[in-house]
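Asks: Sharing data29.cif below, mmCIF, C-alpha atoms and all ligand atoms:
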```
data_run
loop_
_atom_site.label_atom_id
_atom_site.label_comp_id
_atom_site.auth_asym_id
_atom_site.auth_seq_id
_atom_site.Cartn_x
_atom_site.Cartn_y
_atom_site.Cartn_z
CA MET A 1 0.00 0.00 0.00
CA SER A 2 1.45 3.39 -0.99
CA ILE A 3 0.55 6.82 0.40
CA PRO A 4 -2.24 8.43 -1.71
CA ASN A 5 -1.05 11.68 -3.37
CA HIS A 6 2.21 11.27 -1.37
CA ASP A 7 0.36 13.12 1.41
CA PHE A 8 1.68 11.49 4.58
CA LEU A 9 -0.16 13.97 6.83
CA GLN A 10 -3.64 13.19 5.45
CA PHE A 11 -2.72 9.50 5.39
CA THR A 12 -1.70 9.65 9.08
CA LEU A 13 -4.81 11.56 10.20
CA ALA A 14 -7.05 8.98 8.47
CA GLN A 15 -5.19 5.88 9.76
CA PRO A 16 -6.35 3.89 12.79
CA GLU A 17 -4.08 3.97 15.86
CA LYS A 18 -3.02 0.36 15.32
CA ALA A 19 -2.19 0.66 11.63
CA SER A 20 -0.56 -2.34 9.95
CA ALA A 21 2.93 -1.98 8.48
CA SER A 22 3.59 -1.89 4.75
CA GLU A 23 6.40 -1.01 2.36
CA TYR A 24 6.82 0.10 -1.24
CA ILE A 25 9.44 1.33 -3.67
CA PHE A 26 9.85 5.05 -4.46
CA PRO A 27 12.31 6.57 -6.97
CA TYR A 28 15.34 6.76 -4.64
CA GLY A 29 14.67 3.90 -2.23
CA THR A 30 12.15 1.97 -0.18
CA ALA A 31 9.44 3.48 2.03
CA PHE A 32 8.43 1.57 5.16
CA ILE A 33 5.19 2.67 6.81
CA GLU A 34 5.98 1.29 10.26
CA GLY A 35 2.91 2.52 12.14
CA ARG A 36 0.63 5.50 12.38
CA GLY A 37 2.70 8.63 11.70
CA ILE A 38 5.92 6.64 11.36
CA LEU A 39 7.64 6.55 7.96
CA ARG A 40 11.14 5.19 7.35
CA LEU A 41 12.84 5.94 4.04
CA GLU A 42 15.88 3.85 3.15
CA PRO A 43 17.83 5.06 0.11
CA SER A 44 18.86 2.50 -2.52
CA GLU A 45 22.41 3.89 -2.57
CA GLN A 46 24.74 3.42 0.41
CA ALA A 47 23.64 5.99 3.01
CA GLN A 48 26.05 8.27 4.85
CA HIS A 49 23.99 9.31 7.86
CA SER A 50 20.87 8.40 9.83
CA VAL A 51 18.43 11.26 10.37
CA VAL A 52 15.29 11.40 12.53
CA LEU A 53 12.94 14.35 11.92
CA SER A 54 9.93 14.50 14.20
CA ALA A 55 7.04 16.94 14.61
CA GLY A 56 3.63 16.84 16.23
CA ILE A 57 4.83 15.41 19.55
CA HIS A 58 2.42 18.13 20.64
CA GLY A 59 -0.54 17.62 18.32
CA ASN A 60 -1.47 21.27 17.76
CA GLU A 61 2.03 22.39 16.68
CA THR A 62 1.26 22.23 13.00
CA ALA A 63 3.84 24.35 11.12
CA PRO A 64 6.71 21.84 11.32
CA ILE A 65 4.29 18.97 10.54
CA GLU A 66 3.32 20.74 7.31
CA LEU A 67 6.99 21.43 6.52
CA LEU A 68 7.98 17.77 6.97
CA ASN A 69 4.94 16.64 4.99
CA ALA A 70 6.04 18.79 2.04
CA LEU A 71 9.58 17.36 2.20
CA VAL A 72 8.23 13.79 2.33
CA ALA A 73 6.08 14.43 -0.77
CA GLN A 74 9.12 15.74 -2.66
CA LEU A 75 11.11 12.66 -1.67
CA LEU A 76 8.36 10.19 -2.58
CA THR A 77 7.84 11.74 -6.02
CA GLY A 78 11.58 11.73 -6.69
CA GLU A 79 11.73 15.53 -6.92
CA LEU A 80 14.36 15.33 -4.18
CA ALA A 81 16.99 12.58 -4.14
CA LEU A 82 17.63 10.87 -0.81
CA SER A 83 21.15 10.09 0.37
CA VAL A 84 20.60 9.52 4.10
CA ARG A 85 18.55 7.02 6.07
CA LEU A 86 15.50 8.98 7.18
CA LEU A 87 12.90 8.37 9.87
CA ILE A 88 9.94 10.79 9.77
CA ILE A 89 7.73 10.80 12.85
CA PHE A 90 4.42 12.59 13.40
CA GLY A 91 4.49 12.19 17.14
CA HIS A 92 0.92 12.29 18.35
CA PRO A 93 -1.65 11.65 15.57
CA GLN A 94 -4.61 11.38 17.96
CA ALA A 95 -3.89 14.85 19.39
CA MET A 96 -3.30 16.14 15.83
CA VAL A 97 -6.81 14.98 14.86
CA GLN A 98 -8.25 16.73 17.92
CA SER A 99 -6.10 19.90 17.46
CA GLU A 100 -4.86 19.43 21.02
CA ARG A 101 -1.40 19.68 22.58
CA PHE A 102 -1.98 16.26 24.18
CA CYS A 103 -4.88 14.05 25.30
CA ASP A 104 -4.00 12.77 28.82
CA VAL A 105 -0.38 13.72 29.59
CA ASN A 106 2.33 15.79 27.88
CA LEU A 107 4.03 13.25 25.58
CA ASN A 108 7.32 15.17 25.64
CA ARG A 109 7.77 14.41 29.35
CA LEU A 110 7.48 10.63 28.89
CA PHE A 111 10.74 9.58 27.22
CA CYS A 112 13.84 7.90 28.67
CA GLY A 113 11.50 5.41 30.33
CA ALA A 114 9.52 8.08 32.20
CA TRP A 115 6.36 6.60 30.62
CA GLN A 116 6.58 3.89 33.28
CA ARG A 117 5.60 6.47 35.92
CA TYR A 118 2.54 7.82 34.10
CA GLN A 119 -0.91 6.72 33.01
CA GLY A 120 -2.79 7.79 29.89
CA MET A 121 -3.02 7.14 26.18
CA GLU A 122 0.40 8.77 25.55
CA VAL A 123 2.21 6.06 27.54
CA ALA A 124 2.00 3.42 24.78
CA ARG A 125 2.92 6.02 22.15
CA ALA A 126 6.08 7.09 24.04
CA GLN A 127 7.11 3.45 24.38
CA LEU A 128 6.51 2.82 20.66
CA LEU A 129 8.45 5.93 19.58
CA GLU A 130 11.42 5.04 21.79
CA GLN A 131 11.50 1.53 20.32
CA THR A 132 11.17 2.86 16.77
CA VAL A 133 14.05 5.31 17.20
CA SER A 134 16.21 2.67 18.88
CA ASP A 135 15.60 0.16 16.07
CA PHE A 136 16.39 2.85 13.51
CA PHE A 137 19.67 3.97 15.08
CA GLU A 138 20.77 0.43 15.91
CA GLN A 139 20.55 -0.52 12.21
CA HIS A 140 22.86 2.38 11.53
CA GLN A 141 26.18 1.29 10.01
CA GLN A 142 28.31 4.42 9.64
CA GLY A 143 28.27 8.21 9.53
CA GLU A 144 26.47 10.52 11.92
CA LYS A 145 23.17 10.24 13.76
CA TYR A 146 20.87 13.26 13.93
CA HIS A 147 17.51 13.89 15.56
CA TYR A 148 15.73 17.23 15.30
CA ASP A 149 12.40 17.33 17.12
CA LEU A 150 10.43 20.27 15.73
CA HIS A 151 7.91 22.26 17.77
CA THR A 152 6.08 25.57 17.94
CA ALA A 153 5.52 27.37 21.23
CA ILE A 154 2.31 28.22 23.12
CA ARG A 155 3.34 31.89 23.40
CA GLY A 156 5.36 34.47 21.50
CA SER A 157 9.08 34.82 22.07
CA GLN A 158 11.72 37.56 22.11
CA TYR A 159 13.55 35.09 19.85
CA GLU A 160 11.02 33.62 17.46
CA LYS A 161 13.10 30.52 16.76
CA PHE A 162 15.34 28.81 19.26
CA ALA A 163 16.62 25.39 20.25
CA VAL A 164 16.83 23.52 23.51
CA HIS A 165 20.18 21.74 23.47
CA PRO A 166 20.59 18.49 25.44
CA PHE A 167 22.44 18.43 28.75
CA THR A 168 26.00 17.23 28.06
CA ASN A 169 27.05 16.57 31.67
CA GLY A 170 30.31 18.44 31.20
CA ALA A 171 31.18 17.10 27.74
CA ALA A 172 32.21 19.71 25.16
CA TYR A 173 29.55 21.08 22.81
CA GLN A 174 29.88 20.41 19.08
CA LYS A 175 30.44 23.75 17.39
CA GLN A 176 29.01 22.45 14.12
CA GLN A 177 25.63 21.99 15.81
CA PHE A 178 25.54 25.69 16.74
CA ALA A 179 26.61 26.62 13.19
CA PHE A 180 23.68 24.48 11.99
CA TYR A 181 21.33 26.31 14.37
CA ASP A 182 22.39 29.60 12.78
CA ALA A 183 21.98 28.14 9.29
CA ILE A 184 18.36 27.13 10.02
CA GLY A 185 17.53 30.63 11.32
CA LEU A 186 17.59 30.11 15.09
CA GLU A 187 18.37 33.19 17.15
CA ALA A 188 19.04 31.57 20.52
CA VAL A 189 19.94 28.27 22.14
CA LEU A 190 18.93 27.24 25.62
CA LEU A 191 21.47 24.86 27.18
CA SER A 192 19.76 22.25 29.34
CA HIS A 193 21.27 21.98 32.81
CA GLN A 194 20.12 18.46 33.63
CA ALA A 195 18.93 15.21 32.08
CA THR A 196 15.37 15.49 30.77
CA THR A 197 12.67 13.13 29.54
CA THR A 198 12.14 14.76 26.14
CA PHE A 199 12.19 12.93 22.81
CA SER A 200 15.36 14.61 21.53
CA TYR A 201 17.19 13.96 24.80
CA TYR A 202 16.36 10.26 24.43
CA SER A 203 18.20 10.14 21.08
CA TYR A 204 21.14 12.08 22.52
CA ALA A 205 21.46 10.10 25.73
CA HIS A 206 20.71 6.59 24.46
CA HIS A 207 22.15 6.72 20.95
CA GLY A 208 24.74 9.50 20.96
CA ALA A 209 22.81 11.35 18.26
CA GLN A 210 23.27 15.06 17.65
CA ALA A 211 19.83 16.10 18.80
CA ALA A 212 17.81 19.14 19.78
CA THR A 213 14.29 20.33 20.45
CA VAL A 214 13.69 23.15 17.98
CA GLU A 215 11.03 25.84 18.57
CA LEU A 216 9.85 27.50 15.37
CA GLY A 217 7.38 30.24 16.25
CA GLN A 218 3.85 30.12 17.58
CA VAL A 219 1.10 27.49 17.52
CA ARG A 220 -1.43 27.84 14.67
CA PRO A 221 -4.09 25.51 13.22
CA PHE A 222 -3.39 23.37 10.13
CA GLY A 223 -3.47 25.53 6.98
CA ASP A 224 -2.88 28.74 8.94
CA ASN A 225 0.94 28.69 8.91
CA ASP A 226 3.23 30.95 6.94
CA LEU A 227 5.84 28.40 5.88
CA SER A 228 7.90 31.15 4.19
CA LYS A 229 9.12 31.90 7.74
CA LEU A 230 10.78 28.48 7.73
CA THR A 231 12.65 28.81 4.42
CA GLN A 232 16.11 28.61 5.99
CA LEU A 233 15.15 25.43 7.85
CA GLU A 234 13.61 23.92 4.73
CA GLN A 235 16.76 24.63 2.67
CA ALA A 236 19.05 23.22 5.35
CA LEU A 237 16.96 20.05 5.73
CA LYS A 238 17.03 19.54 1.96
CA GLU A 239 20.82 19.91 2.06
CA LEU A 240 20.97 17.31 4.83
CA LEU A 241 18.67 14.82 3.07
CA VAL A 242 19.90 15.26 -0.49
CA GLU A 243 23.62 15.96 0.03
CA ALA A 244 24.10 14.41 3.48
CA ASN A 245 25.60 17.75 4.52
CA LEU A 246 24.94 19.67 7.73
CA ALA A 247 24.49 23.33 6.67
CA GLN A 248 26.88 25.66 8.49
CA GLY A 249 26.25 29.29 9.43
CA GLN A 250 28.07 31.36 12.07
CA ALA A 251 27.87 29.52 15.38
CA GLN A 252 28.52 32.64 17.45
CA GLN A 253 25.56 34.48 15.89
CA VAL A 254 23.37 32.32 18.11
CA ARG A 255 22.75 33.74 21.59
CA LEU A 256 23.39 31.32 24.43
CA TYR A 257 21.24 30.92 27.51
CA GLU A 258 21.67 28.60 30.45
CA VAL A 259 19.04 27.46 32.91
CA VAL A 260 19.54 28.85 36.41
CA ASP A 261 16.31 27.66 38.05
CA VAL A 262 13.36 25.39 37.39
CA LEU A 263 10.03 26.73 38.64
CA THR A 264 7.53 24.20 39.95
CA LYS A 265 3.84 24.66 40.60
CA ASP A 266 3.63 23.72 44.28
CA ALA A 267 0.06 24.67 45.26
CA ASP A 268 -3.38 25.38 43.80
CA ASP A 269 -2.92 29.13 44.40
CA TYR A 270 0.47 29.19 42.61
CA ARG A 271 0.77 32.09 40.18
CA LEU A 272 3.36 33.80 38.01
CA ASN A 273 3.43 37.59 38.14
CA ILE A 274 3.56 38.03 34.38
CA ALA A 275 1.04 38.94 31.69
CA ALA A 276 -0.91 36.02 30.26
CA ASP A 277 0.76 36.61 26.89
CA GLU A 278 4.27 37.40 28.22
CA LYS A 279 6.85 36.32 25.67
CA ASN A 280 9.47 33.64 26.17
CA PHE A 281 12.89 35.17 27.11
CA THR A 282 11.27 38.23 28.72
CA ALA A 283 13.90 39.61 31.14
CA PHE A 284 13.33 40.96 34.67
CA SER A 285 15.20 43.04 37.25
CA LYS A 286 16.89 41.61 40.30
CA GLY A 287 14.43 41.21 43.18
CA PHE A 288 11.29 41.01 41.02
CA GLU A 289 8.83 38.55 42.54
CA LEU A 290 8.24 36.19 39.64
CA ALA A 291 6.19 33.50 41.36
CA ARG A 292 4.22 33.16 44.56
CA SER A 293 2.01 30.60 46.25
CA SER A 294 0.91 29.93 49.82
CA LYS A 295 3.98 27.66 50.02
CA SER A 296 6.73 29.58 48.24
CA CYS A 297 7.97 32.77 46.64
CA TYR A 298 10.53 33.14 43.85
CA GLN A 299 12.49 36.35 43.30
CA ILE A 300 14.76 37.10 40.33
CA GLN A 301 18.40 36.75 41.45
CA GLN A 302 20.23 38.78 38.83
CA ASN A 303 19.31 41.58 36.42
CA ASN A 304 18.13 40.31 33.04
CA ASP A 305 17.39 36.77 34.15
CA ALA A 306 14.50 35.74 31.90
CA ILE A 307 11.61 33.30 31.80
CA VAL A 308 11.03 30.56 29.24
CA PHE A 309 8.05 28.19 28.89
CA PRO A 310 5.91 29.71 31.67
CA ASN A 311 2.75 27.65 32.17
CA THR A 312 0.58 27.29 35.26
CA LYS A 313 -2.26 25.34 33.65
CA LEU A 314 -0.84 22.04 34.82
CA PRO A 315 -0.99 19.67 37.79
CA ILE A 316 0.79 20.47 41.07
CA GLY A 317 4.34 19.15 41.03
CA GLN A 318 4.96 19.92 37.36
CA ARG A 319 7.34 22.47 35.83
CA SER A 320 5.81 25.95 35.58
CA GLY A 321 8.73 27.59 33.80
CA LEU A 322 12.50 27.94 33.47
CA VAL A 323 14.55 30.90 34.65
CA VAL A 324 17.41 31.42 32.20
CA ARG A 325 20.49 33.65 32.00
CA ALA A 326 22.53 34.82 29.00
CA LYS A 327 25.86 33.02 28.71
CA ASP A 328 29.03 34.36 27.11
CA TRP A 329 30.31 32.35 24.15
CA ALA A 330 33.86 32.55 25.61
CA THR A 331 32.70 30.38 28.52
CA LEU A 332 31.35 27.56 26.33
CA LYS A 333 33.56 24.51 25.95
CA THR A 334 33.33 23.44 22.29
CA ILE A 335 35.02 21.06 19.89
ZN ZN A 401 5.85 21.41 21.59
#
```
Just give me the structure of the file as structure tokens.
Replies:
Amino acid sequence: MSIPNHDFLQFTLAQPEKASASEYIFPYGTAFIEGRGILRLEPSEQAQHSVVLSAGIHGNETAPIELLNALVAQLLTGELALSVRLLIIFGHPQAMVQSERFCDVNLNRLFCGAWQRYQGMEVARAQLLEQTVSDFFEQHQQGEKYHYDLHTAIRGSQYEKFAVHPFTNGAAYQKQQFAFYDAIGLEAVLLSHQATTTFSYYSYAHHGAQAATVELGQVRPFGDNDLSKLTQLEQALKELLVEANLAQGQAQQVRLYEVVDVLTKDADDYRLNIAADEKNFTAFSKGFELARSSKSCYQIQQNNDAIVFPNTKLPIGQRSGLVVRAKDWATLKTI
């Protein structure tokens, strides 16, 4: 069974959750439909690298889903040649159908085995996606492994496009990754300060892949995205898929931020003292009371510390935001 009109997005939305696997030949290789929203493309020529591109881990983050869908169509028709092994994942089809971020629990908190501590329909999906990525990378023979997990954010941002880079636990950062971030139009990179349970961190930690969570602007419904804002990313992904080459811009053009504190919702009356539509990376003055509840109070420690991913519409005990601080490039250990 092939994909009608090469439209993997429509195909995925229409498929049942337990879709059966199938495979077929396309001009530059073999397409394996491994499950709902999971498409593996193996080139007929010897491949240099193994690349995972995922979107829709949050079902309402449609712009990168549409971008990947367009790339898949160009590969399946032979308009683009394929010279890497490629795994395309639409992370959460059920939430995509419902235009929701998630159904029961945030899927992007469930990786690295964290699904074992949760209940909900996302648990089985997280387990399946981990297994799929592991199988894909373990078949890998040579070259590099990459995983870019593409998102859009709930709110606006001082930097419209930015990446969250995996925690390296003291290991040097790869400068070519930051040069790639610049090439795809990212303005900032947030350096994780601890192990996480996100999809991209799974690929980094378990398979040594170059991986990142990439934020590409704000959430919009299907059909409502201006994909011309993602032209740099589209060009760089084509270069990666067709020429097996990681596009390189100027690494130091990308602003660095490090996490200094994790905010946690600790009570029902917990609130953040920011506007409902406050942008990511909004900076505050030292002493500003950023969060308060009957149990705690959080004050900004240093001028220009900023907030990223604020969210209080979640259960007690979950992360309500990150406090981040600009970091000088001279202090970053790179190779
Ligand atoms: Zn997201």
Asks: Please identify the residues whose atoms come within 9 Å of ligand ZN 401 (chain A), using all atoms listed in the file, and report them as number ranges by chain.
Replies: A: 55-61, 101, 108, 149-154, 213-215, 219
Asks: Leaving out Asn303 of chain A and any residue of its chain fewer than 2 positions from it, which residues lie within 10 Å of it when counting all atoms listed in the file, given as JSON, numbers by chain?
Replies: {"A": [283, 284, 285, 286, 287, 288, 300, 301, 305, 306, 325]}
Asks: Considering all atoms listed in the file, can you say which of A:Ile3, A:Met96, A:Val84, A:Ile184 comes closest to Glu234 of chain A?
Replies: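 Checking each of A:Ile3, A:Met96, A:Val84, A:Ile184 against Glu234 of chain A, counting all atoms listed in the file, the winner is A:Ile184.
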Asks: Closest to Ala276 of chain A among A:Gln142, A:Gln94, A:Thr231, A:Asn311, using all atoms listed in the file?
Replies: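 Checking each of A:Gln142, A:Gln94, A:Thr231, A:Asn311 against Ala276 of chain A, counting all atoms listed in the file, the winner is A:Asn311.
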Asks: Give me the segment 159-271 of chain A side of the contact with segment 39-48 of chain A, cut-off 12 Å, one line per residue showing its nearest atom pair and distance in Å at one decimal, counting only C-alpha atoms, sorted by chain and residue number, as a tab-separated table.
Replies:
```
residue	atom	partner	partner_atom	distance
A:Leu240	CA	A:Gln48	CA	10.4
A:Leu241	CA	A:Gln48	CA	10.0
A:Val242	CA	A:Pro43	CA	10.4
A:Glu243	CA	A:Gln48	CA	9.4
A:Ala244	CA	A:Gln48	CA	6.6
A:Asn245	CA	A:Gln48	CA	9.5
A:Leu246	CA	A:Gln48	CA	11.8
```
Asks: Smallest atom-to-atom distance to Val308 of chain A: which of A:Phe167, A:Tyr159, A:Tyr118, A:Tyr148, using only C-alpha atoms?
Replies: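 That would be A:Tyr159, the residue with the smallest distance to Val308 of chain A.
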Asks: Using all atoms listed in the file, find the one residue out of A:Ala21, A:Cys103, A:Ile38, A:Cys112 that sits nearest to Ala195 of chain A.
Replies: A:Cys112
Asks: List every residue of segment 150-207 of chain A that has an atom at most 10 Å from any atom of segment 257-275 of chain A, and for each one report the closest atom pair and its distance in Å to one decimal, counting all atoms listed in the file, with rows sorted by chain and then by increasing residue number, as JSON lines.
Replies:
```
{"residue": "A:Val164", "atom": "CA", "partner": "A:Tyr257", "partner_atom": "CA", "distance": 9.5}
{"residue": "A:His165", "atom": "CA", "partner": "A:Glu258", "partner_atom": "CA", "distance": 9.9}
{"residue": "A:Ala188", "atom": "CA", "partner": "A:Tyr257", "partner_atom": "CA", "distance": 7.4}
{"residue": "A:Val189", "atom": "CA", "partner": "A:Tyr257", "partner_atom": "CA", "distance": 6.1}
{"residue": "A:Leu190", "atom": "CA", "partner": "A:Tyr257", "partner_atom": "CA", "distance": 4.7}
{"residue": "A:Leu191", "atom": "CA", "partner": "A:Glu258", "partner_atom": "CA", "distance": 5.0}
{"residue": "A:Ser192", "atom": "CA", "partner": "A:Val259", "partner_atom": "CA", "distance": 6.4}
{"residue": "A:His193", "atom": "CA", "partner": "A:Val259", "partner_atom": "CA", "distance": 5.9}
{"residue": "A:Gln194", "atom": "CA", "partner": "A:Val259", "partner_atom": "CA", "distance": 9.1}
```
Asks: Filtering to C-alpha atoms, could you give me those residues as a compact mmCIF listing (two decimals), in the frame of the given file?
Replies:
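Okay, this is what ended up in selection-v3.txt:
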```
# COMPACT_ATOMS: atom_id res chain seq x y z
CA VAL A 164 16.83 23.52 23.51
CA HIS A 165 20.18 21.74 23.47
CA ALA A 188 19.04 31.57 20.52
CA VAL A 189 19.94 28.27 22.14
CA LEU A 190 18.93 27.24 25.62
CA LEU A 191 21.47 24.86 27.18
CA SER A 192 19.76 22.25 29.34
CA HIS A 193 21.27 21.98 32.81
CA GLN A 194 20.12 18.46 33.63
```
Asks: For a test of reading the model, state the distance in Å between atom CA of Ser157 of chain A and atom CA of Leu230 of chain A, rounded to one decimal.
Replies: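 Going from atom CA of Ser157 of chain A over to atom CA of Leu230 of chain A covers 15.8 Å.
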Asks: Pull the neighbourhood of (-5.1, 5.8, 13.7) for me: all residues within 9 Å in file coordinates, counting only C-alpha atoms, as a PyMOL selection string.
Replies: chain A and resi 12-19+35-37+93-94
Asks: From the set A:Phe199, A:Ser294, A:Glu187, A:Pro64, which residue has the shortest atom-to-atom contact distance to Gln131 of chain A, counting all atoms listed in the file?
Replies: A:Phe199
Asks: For Leu71 of chain A, find every residue with an atom within 9 Å (counting all atoms listed in the file), except residues of its own chain fewer than 2 positions away, and show them as a PyMOL selection string.
Replies: chain A and resi 66-69+73-76+80+234+237-238
Asks: Could you please determine the separation between atom CA of Pro27 of chain A and atom CA of His49 of chain A in Å, to one decimal place?
Replies: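 Computing it gives 19.1 Å between the two atoms.
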Asks: Using Å and a single decimal, report how far atom CA of Pro166 of chain A sits from atom CA of Tyr201 of chain A.
Replies: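 Atom CA of Tyr201 of chain A sits 5.7 Å away from atom CA of Pro166 of chain A.
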Asks: Which protein, DNA or RNA residues have an atom at most 9 Å from (4.5, 12.5, 30.4), counting all atoms listed in the file? List them as a ChimeraX atom specification.
Replies: /A:104-111,114-115,117-120,122-123,126,197
Asks: Please dump the current selection as a CSV table (one decimal), in the frame of the given file; keep C-alpha atoms.
Replies:
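Once written, part30.csv looks like this:
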```csv
chain,number,residue,atom,x,y,z
A,104,ASP,CA,-4.0,12.8,28.8
A,105,VAL,CA,-0.4,13.7,29.6
A,106,ASN,CA,2.3,15.8,27.9
A,107,LEU,CA,4.0,13.2,25.6
A,108,ASN,CA,7.3,15.2,25.6
A,109,ARG,CA,7.8,14.4,29.4
A,110,LEU,CA,7.5,10.6,28.9
A,111,PHE,CA,10.7,9.6,27.2
A,114,ALA,CA,9.5,8.1,32.2
A,115,TRP,CA,6.4,6.6,30.6
A,117,ARG,CA,5.6,6.5,35.9
A,118,TYR,CA,2.5,7.8,34.1
A,119,GLN,CA,-0.9,6.7,33.0
A,120,GLY,CA,-2.8,7.8,29.9
A,122,GLU,CA,0.4,8.8,25.6
A,123,VAL,CA,2.2,6.1,27.5
A,126,ALA,CA,6.1,7.1,24.0
A,197,THR,CA,12.7,13.1,29.5
```
Asks: As a list in words, please: the residues near Arg155 of chain A (cut-off 8 Å, all atoms listed in the file, same-chain neighbours under 3 positions excluded).
Replies: Gln218, Val219, Asp277, Glu278, Lys279 and Asn280 of chain A
Asks: Nearest to Ala81 of chain A: which of A:Tyr28, A:Glu138, A:Gly208, A:Val324 is it, counting only C-alpha atoms?
Replies: A:Tyr28
